[in-house]
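Asker: The structure under discussion is supplied below as structure tokens; questions concerning it will follow.
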Amino acid sequence: MKKAFVKSYGCQMNVYDASRMVDLLGREGFVETGTVEEADVVVLNTCHIREKAAEKVYSELGRLRVLKGERAEAGRDTTVVVAGCVAQAEGREILNRAPGVDVVVGPQSYHRLPQLLAAAKDGRVVDTEFPVEDKFDHLPLRRTPGVSAFLTVQEGCDKFCAFCVVPYTRGAEVSRSVAKIVAEAERLAAAGARELTLIGQNVNAFHGPGPDGRDWTLGELLHRVAAIPGILRLRYTTSHPRDMDEALIAAHRDLPALMPYLHLPVQSGSDRILAAMNRKHDADTYRRLIDRVRAARPDIALSSDFIVGFPGETDADHAETMRLIADVGFASAFSFKYSPRPGTPAADSADAVPEAVKSERLAELQALLERQRQDFNHATVGRTVPVLIEKAGRHPGQVAGKSPYLQAVQIEGDVSAIGTEIPVRITRTGSNSLFGEAIDAIPAAATVAA
């Protein structure tokens, strides 16, 4: 029996792509394994957003070269594949830096993985083209998705932020048709998915052709997917403030299935730095946008991204970012020190911020964000919230799920509750989870007619 090990780095899109590569390999007779040492095919689905992420890949490839040699001595072949955004950005250079790699394939070409594996028997291969055909038309049906599933609706980005490689590694914005998205969502619901997260590099720029012959917005798409039997919850990520239109804001007000959680990256609170980043919005525009979202959905939890130490950032610029965080208040956030990505406009900037200054600013920013996260979690204690049970918990007799605000929740209960949404009274917080007790007896898992 052939076995495949697939490891994903970075964003939710990569998680989705990795699962689809497992589907592709399954069609070719491979069984997924969580142990790299026993894998006949090893796929690293890579991220190129930050320098350290790319370097981690090369470190992993060094270890895989040793493993590949050990398996060869035992008479077992190993094919090593580098997929994703590092593959797209660096292409054939990966073959030069990592002799153990057999296949390099970009994120728009991974549907050709079986053909590339066959070709690799005769020599190392690279495929980083942007094919004309829609890769989704060539992917097999999804495997059993689990209670929560990602669903790609849009890929690529046209914003060209000065720090970002996505327009170069994922290409221009392309949206799937409403009909294809709905068909996949219906299959996921029939297979047991109860929560769908619609994903894209710039998901709220969605403009897919609808059944009425015009392009639909993300707000319209959310209404359509919410009508699918079995779908209890909807989310979407990642968004750009410029594409947060009134119809999407209204969907947060009008759609009970759309969870009160919004990830809306701002990156900086300084107008000067936002302009240098080519973000096409300023800090007060972001504040006013948040005000409109909160007016539509007062209980919404907010998440964001922050880059610290962008070239030219001063202490005053950093203070503006800290002020924005204090003004808005976030339930969670992702924050990073700026690292130059080759080929992006900011990569050649001469006014780099010293590493020690970046570290000091990041520590201050993360301390404030962590206080806000803990405050948000502590405010949940004593409340009763619906929790979608997704899996068995850490300990016997526990099950785990998510609150509407994307908080991990652990409760005492039987695995028969997986796939159901139950009211839970939150009793305490942990470092990364909430703990609670079911208000009523936990029901058996619900079934949905096909």
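Residue numbers start at 1 in each chain; chains themselves are named A, B, ... in the order of the structure tokens; ligands are numbered from 1 in the order shown.
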Just want the 12 Å neighbourhood of His48 (chain A), counted on only C-alpha atoms, with same-chain residues fewer than 3 positions away dropped. Output as number ranges by chain.

Answerer: A: 8-11, 14, 45, 51-58, 83-90, 106-107, 163-170, 339-344

Asker: Just the residues within 12 Å of Val126 (chain A), please, counting only C-alpha atoms, with nothing from its chain fewer than 5 positions along; format it as a PyMOL selection string.

Answerer: chain A and resi 81-83+87-96+101-106+109-110+112-113+115-117+119-120

Asker: List every residue of region 201-445 of chain A that DSSP, applied to the backbone of this structure, places in strand (DSSP E or B), and write the result as a ChimeraX atom specification.

Answerer: /A:209,215,233-237,258,261-263,267,301-308,332-337,384-392,398-402,408-412,421-429,434-438

Asker: Please, what distance in Å, to one decimal, runs between CA of Thr78 (chain A) and CA of Gln108 (chain A)?

Answerer: 24.0 Å

Asker: Do you have, as a Markdown table, the list of residues of region 311-335 of chain A lying at most 12 Å from region 258-267 of chain A, each with its nearest atom pair and that distance in Å to one decimal, counting only C-alpha atoms and ordered by chain then number?

Answerer:
| residue | atom | partner | partner_atom | distance |
| --- | --- | --- | --- | --- |
| A:Asp317 | CA | A:Gln267 | CA | 11.9 |
| A:His318 | CA | A:Gln267 | CA | 11.1 |
| A:Glu320 | CA | A:Gln267 | CA | 11.6 |
| A:Thr321 | CA | A:Gln267 | CA | 8.5 |
| A:Met322 | CA | A:Gln267 | CA | 11.4 |
| A:Leu324 | CA | A:Val266 | CA | 9.6 |
| A:Ile325 | CA | A:Val266 | CA | 10.0 |
| A:Val328 | CA | A:Val266 | CA | 11.1 |
| A:Phe330 | CA | A:His263 | CA | 9.7 |
| A:Ala331 | CA | A:Tyr261 | CA | 9.0 |
| A:Ser332 | CA | A:His263 | CA | 8.8 |
| A:Ala333 | CA | A:His263 | CA | 8.3 |
| A:Phe334 | CA | A:Pro265 | CA | 8.9 |
| A:Ser335 | CA | A:Gln267 | CA | 8.4 |

Asker: Take the selection from the previous step and output its residues with N, CA and C atoms, as an mmCIF file, in the first residue's frame.

Answerer:
data_model
loop_
_atom_site.group_PDB
_atom_site.id
_atom_site.type_symbol
_atom_site.label_atom_id
_atom_site.label_comp_id
_atom_site.auth_asym_id
_atom_site.auth_seq_id
_atom_site.Cartn_x
_atom_site.Cartn_y
_atom_site.Cartn_z
ATOM 1 N N ASP A 317 4.946 56.358 14.385
ATOM 2 C CA ASP A 317 4.102 55.458 13.592
ATOM 3 C C ASP A 317 3.650 54.277 14.440
ATOM 4 N N HIS A 318 4.584 53.705 15.184
ATOM 5 C CA HIS A 318 4.245 52.574 16.052
ATOM 6 C C HIS A 318 3.207 52.981 17.091
ATOM 7 N N GLU A 320 0.913 55.165 16.737
ATOM 8 C CA GLU A 320 -0.383 55.246 16.067
ATOM 9 C C GLU A 320 -1.023 53.865 15.945
ATOM 10 N N THR A 321 -0.210 52.842 15.686
ATOM 11 C CA THR A 321 -0.739 51.476 15.628
ATOM 12 C C THR A 321 -1.254 51.043 17.001
ATOM 13 N N MET A 322 -0.498 51.358 18.046
ATOM 14 C CA MET A 322 -0.942 51.025 19.395
ATOM 15 C C MET A 322 -2.250 51.746 19.724
ATOM 16 N N LEU A 324 -4.592 52.675 17.564
ATOM 17 C CA LEU A 324 -5.687 52.035 16.832
ATOM 18 C C LEU A 324 -6.136 50.752 17.537
ATOM 19 N N ILE A 325 -5.179 49.956 18.009
ATOM 20 C CA ILE A 325 -5.534 48.717 18.709
ATOM 21 C C ILE A 325 -6.348 49.030 19.958
ATOM 22 N N VAL A 328 -9.958 50.194 18.857
ATOM 23 C CA VAL A 328 -10.848 49.202 18.240
ATOM 24 C C VAL A 328 -11.151 48.063 19.195
ATOM 25 N N PHE A 330 -9.568 44.054 19.961
ATOM 26 C CA PHE A 330 -9.572 42.835 19.156
ATOM 27 C C PHE A 330 -9.681 41.605 20.048
ATOM 28 N N ALA A 331 -10.476 40.642 19.582
ATOM 29 C CA ALA A 331 -10.603 39.372 20.289
ATOM 30 C C ALA A 331 -9.420 38.457 20.000
ATOM 31 N N SER A 332 -8.786 38.655 18.846
ATOM 32 C CA SER A 332 -7.599 37.884 18.482
ATOM 33 C C SER A 332 -6.885 38.636 17.378
ATOM 34 N N ALA A 333 -5.636 38.265 17.116
ATOM 35 C CA ALA A 333 -4.881 38.941 16.062
ATOM 36 C C ALA A 333 -3.630 38.140 15.746
ATOM 37 N N PHE A 334 -3.082 38.398 14.568
ATOM 38 C CA PHE A 334 -1.798 37.854 14.145
ATOM 39 C C PHE A 334 -0.855 39.030 13.940
ATOM 40 N N SER A 335 0.350 38.930 14.476
ATOM 41 C CA SER A 335 1.296 40.035 14.368
ATOM 42 C C SER A 335 2.696 39.495 14.115
#

Asker: Which one is closest to Ala189 (chain A): A:Val308, A:Met277, A:Ile389, A:Ile231? Count only C-alpha atoms.

Answerer: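 For Ala189 (chain A), the nearest of the candidates is A:Ile231.
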
Asker: Can you pull out every residue within 9 Å of region 428-438 of chain A, counting only C-alpha atoms, but drop anything in the same chain fewer than 4 positions away, and send it as a ChimeraX atom specification?

Answerer: /A:374,377-378,380-382,384,407-413,422-424,442

Asker: Which neighbours of region 33-36 of chain A fall inside 12 Å, counting only C-alpha atoms, when residues of the same chain fewer than 5 positions from it are skipped, and could you give them as a ChimeraX atom specification?

Answerer: /A:1-7,22,25-26,41-44,60,63-64,67-68,71,78-80

Asker: May I ask for the distance between CA of Ala251 (chain A) and CA of Ile199 (chain A), given in Å to one decimal place?

Answerer: 16.5 Å
